[in-house]
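Reading through the structure tokens given below for one structure.
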Amino acid sequence: SLQSEAFGVLRTLPGSERSVSLLMMNEAPVTSLFHGVYQTAIENGELPTFVLNLAQSYGRRQHVRAQLQRASLLDQARWISGVDGSLLSPRVTRATLREGSVLSQGEVGIWLSHLTAWHDIVEQGLPYALVLEDDVVLSADIKAVLRNVLIALDGEQWDLVALDVGVPGHTHVGVETTRPFISERCVDAARELYDKGEVVARLSGGCAHASIGGALISWAGAQKLTQNALPVERPVDTYVERLVRDGSLNAWASLPAVAHVDGRNTSDSVRRY
């Protein structure tokens with residue numbers, strides 16, 4: 001298989017409870033609802049990309065368009081008009097939140113924006129899709145890197161691939177751009193695997209992580225994310241992170257990191273309120 005020829009044995013980051021064995025040349029791939037569609041999509045270079053952007057945020061739309069153009073993804077972009085939390089009525093806000101939960105209008109807006117993207121993945125029957133916020137910074141080689149990731153995960157059960165687990169020294173997105181709550185121990189482990197030529201690693205235990213600013217999400221992952229989303233109890237990034245930590249989501253990391261959210265330029269849907 002391409003996986004065994006190009007990538008060798010898939011390993012895991014510290015804290016993972018299981019290893020991923022090498023897919024041998026004579027092994028039949030795991031069958032699934034989307035296996036044929038998944039392989040065809042990879043072969044055709046398809047990477048459906050949902051971009052969350054408030055209609056009035058022209059500057060951010062220009063920023064993310066430039067990022068998509070640089071990464072050769074603009075032609076696959078599907079624009080989702082972000083939910084402006086300031087325009088939600090108190091009734092809608094109350095209906096969205098679990099009793100006792102306290103979230104800002106911006107946090108409710110970004111929640112509903114992501115929920116829209118997840119619903120679209122499920123309803124459109126997409127085997128996978130990239131979901132991006134409008135303040136994301138992309139590596140120029142993200143398309144090639146994620147193609148390798150998708151090939152490596154063919155036959156594996158996966159729900160989400162985090163794109164910002166930093167690999168120091170990578171020429172496009174380095175460790176200095178990753179979120180500060182990613183453990184240095186996990187970053188070091190990612191670097192070690194990357195240096196060995198591996199393209200993906202399982203995230204769990206102490207290295208469980210999920211960034212919603214930019215993530216690759218499977219149909220199965222989107223279905224899980226939408227199932228118990230409402231009513232909302234906590235911010236969307238915390239919701240996703242908890243699902244990863246308790247094992248409800250099968251999460252992986254791309255090696256190398258290929259996206260990060262610019263912390264100096266927080267998404268309008270949160271920043272403005």
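By order of appearance in the structure tokens: chains A, B, ..., then residues from 1 within every chain, and ligands from 1 in the order shown.
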- Message: If we count only C-alpha atoms and set the cut-off at 9 Å, which residues sit around segment 97-105 of chain A, ignoring sequence neighbours fewer than 5 positions away in its own chain? Please answer as a PyMOL selection string.
- Response: chain A and resi 84-88+92+110+230-235+269-270+273
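Once segment 119-130 of chain A and its same-chain neighbours fewer than 4 positions away are set aside, A:Phe34, A:Val37, A:Tyr38, A:Leu47, A:Pro48, A:Thr49, A:Phe50, A:Leu115, A:Ala215, A:Leu216, A:Ile217, A:Ser218, A:Trp219, A:Ala222, A:Gln223, A:Thr226 remain within 7 Å of it when counting only C-alpha atoms.
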Write out, as an mmCIF file, in the first residue's frame, the residues just selected, with N, CA, C and O atoms.
```
data_model
loop_
_atom_site.group_PDB
_atom_site.id
_atom_site.type_symbol
_atom_site.label_atom_id
_atom_site.label_comp_id
_atom_site.auth_asym_id
_atom_site.auth_seq_id
_atom_site.Cartn_x
_atom_site.Cartn_y
_atom_site.Cartn_z
ATOM 1 N N PHE A 34 -17.747 5.231 3.705
ATOM 2 C CA PHE A 34 -17.172 6.194 2.770
ATOM 3 C C PHE A 34 -15.857 5.722 2.146
ATOM 4 O O PHE A 34 -15.146 6.520 1.573
ATOM 5 N N VAL A 37 -15.553 6.443 -1.608
ATOM 6 C CA VAL A 37 -15.622 7.888 -1.809
ATOM 7 C C VAL A 37 -14.362 8.551 -1.282
ATOM 8 O O VAL A 37 -13.798 9.460 -1.901
ATOM 9 N N TYR A 38 -13.906 8.098 -0.121
ATOM 10 C CA TYR A 38 -12.702 8.634 0.524
ATOM 11 C C TYR A 38 -11.496 8.491 -0.404
ATOM 12 O O TYR A 38 -10.768 9.452 -0.652
ATOM 13 N N LEU A 47 -10.195 18.547 -1.334
ATOM 14 C CA LEU A 47 -10.081 18.950 0.066
ATOM 15 C C LEU A 47 -11.136 20.029 0.323
ATOM 16 O O LEU A 47 -10.827 21.222 0.376
ATOM 17 N N PRO A 48 -12.407 19.641 0.463
ATOM 18 C CA PRO A 48 -13.462 20.624 0.730
ATOM 19 C C PRO A 48 -13.086 21.478 1.935
ATOM 20 O O PRO A 48 -12.675 20.951 2.973
ATOM 21 N N THR A 49 -13.224 22.784 1.793
ATOM 22 C CA THR A 49 -12.732 23.704 2.818
ATOM 23 C C THR A 49 -13.827 24.694 3.202
ATOM 24 O O THR A 49 -14.237 25.529 2.399
ATOM 25 N N PHE A 50 -14.328 24.559 4.442
ATOM 26 C CA PHE A 50 -15.336 25.472 4.960
ATOM 27 C C PHE A 50 -14.645 26.617 5.694
ATOM 28 O O PHE A 50 -13.804 26.378 6.566
ATOM 29 N N LEU A 115 -21.068 24.834 14.326
ATOM 30 C CA LEU A 115 -22.130 23.842 14.245
ATOM 31 C C LEU A 115 -22.708 23.780 12.833
ATOM 32 O O LEU A 115 -23.033 22.699 12.324
ATOM 33 N N ALA A 215 -8.982 22.755 11.447
ATOM 34 C CA ALA A 215 -8.985 21.322 11.730
ATOM 35 C C ALA A 215 -9.535 20.562 10.536
ATOM 36 O O ALA A 215 -10.388 21.068 9.792
ATOM 37 N N LEU A 216 -9.038 19.355 10.354
ATOM 38 C CA LEU A 216 -9.567 18.430 9.356
ATOM 39 C C LEU A 216 -10.540 17.508 10.085
ATOM 40 O O LEU A 216 -10.178 16.887 11.086
ATOM 41 N N ILE A 217 -11.778 17.439 9.606
ATOM 42 C CA ILE A 217 -12.821 16.708 10.300
ATOM 43 C C ILE A 217 -13.459 15.704 9.345
ATOM 44 O O ILE A 217 -13.794 16.040 8.204
ATOM 45 N N SER A 218 -13.618 14.473 9.811
ATOM 46 C CA SER A 218 -14.251 13.439 8.998
ATOM 47 C C SER A 218 -15.768 13.513 9.140
ATOM 48 O O SER A 218 -16.302 14.171 10.045
ATOM 49 N N TRP A 219 -16.469 12.786 8.252
ATOM 50 C CA TRP A 219 -17.928 12.723 8.359
ATOM 51 C C TRP A 219 -18.335 12.149 9.711
ATOM 52 O O TRP A 219 -19.227 12.684 10.370
ATOM 53 N N ALA A 222 -17.775 14.797 12.375
ATOM 54 C CA ALA A 222 -18.796 15.844 12.348
ATOM 55 C C ALA A 222 -20.103 15.343 12.940
ATOM 56 O O ALA A 222 -20.804 16.072 13.650
ATOM 57 N N GLN A 223 -20.435 14.084 12.673
ATOM 58 C CA GLN A 223 -21.650 13.503 13.234
ATOM 59 C C GLN A 223 -21.565 13.452 14.757
ATOM 60 O O GLN A 223 -22.515 13.808 15.456
ATOM 61 N N THR A 226 -21.933 16.976 16.322
ATOM 62 C CA THR A 226 -23.265 17.573 16.304
ATOM 63 C C THR A 226 -24.258 16.865 17.228
ATOM 64 O O THR A 226 -25.254 17.462 17.640
#
```
- Note on the structure: Min atom-atom distance to Trp79 of chain A from the set A:Val131, A:Ala95, A:Ala259, A:Val187, counting only C-alpha atoms, belongs to A:Val131
So which residues touch Glu241 of chain A within 9 Å, counting only C-alpha atoms, skipping near sequence neighbours fewer than 3 positions away, as a compact mmCIF listing (two decimals) with C-alpha atoms, in the first residue's frame?
```txt
# COMPACT_ATOMS: atom_id res chain seq x y z
CA ALA A 208 -4.92 15.29 23.84
CA HIS A 209 -5.49 18.49 21.91
CA ALA A 210 -7.96 20.00 19.48
CA SER A 211 -7.77 23.37 17.79
CA VAL A 236 -16.76 25.37 21.48
CA ASP A 237 -12.99 24.82 21.75
CA THR A 238 -13.41 23.48 25.29
CA VAL A 244 -10.78 14.34 22.65
CA ARG A 245 -9.59 13.92 26.23
CA ASP A 246 -12.31 11.47 27.20
```
- Message: Among segment 50-205 of chain A, which ones does DSSP assign to strand (DSSP E or B) (computed from the backbone)? Answer as an NGL selection string.
- Response: :A and (50-53 or 77-81 or 97 or 128-133 or 136-138 or 160-162 or 200-203)
- Task: Name the closest residue to Val199 of chain A among the candidates A:Trp158, A:Tyr58, A:Tyr239, A:Trp252; distances are taken between atoms, counting only C-alpha atoms.
- Result: A:Trp252
- Query: Any idea what the distance is between atom CA of Val108 of chain A and atom CA of Gly221 of chain A?
  - Reply: 21.0 Å
- Task: Rank A:Leu163, A:Ala251, A:Leu52, A:Val240 by their smallest atom-to-atom distance to Ser204 of chain A, using only C-alpha atoms, and report the top residue only.
- Result: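 That would be A:Ala251, the residue with the smallest distance to Ser204 of chain A.
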- Separation of atom CA of Asp141 of chain A from atom CA of Gly205 of chain A in Å: 28.9 Å
- Task: Give the answer as one residue: which of A:Thr116, A:Ser89, A:Thr40, A:Ser139 has the shortest atom-to-atom distance to Leu68 of chain A, using only C-alpha atoms?
- Result: A:Ser139
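Atom pair atom CA of Ile182 of chain A / atom CA of His260 of chain A has a distance of 12.1 Å (rounded to one decimal).
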- Could you tell me, as a PyMOL selection string, which residues of segment 86-168 of chain A DSSP assigns to helix (DSSP H, G or I) when given the backbone? chain A and resi 86-87+90-96+105-123+142-153
- Item | Using only C-alpha atoms: which of A:Gly214, A:Gly206, A:Pro90, A:Gly109 has the shortest distance to Asp164 of chain A | A:Gly214
- Message: I want to know what sits within 6 Å of Gly82 of chain A, based on only C-alpha atoms, with residues of the same chain fewer than 3 positions away left out; could you give that as a ChimeraX atom specification?
- Response: /A:52-54,113
- Closest of A:Gly155, A:Cys186, A:Gly213, A:Leu255 to Glu198 of chain A - atom-to-atom distances counting only C-alpha atoms: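 Smallest distance to Glu198 of chain A is found for A:Leu255.
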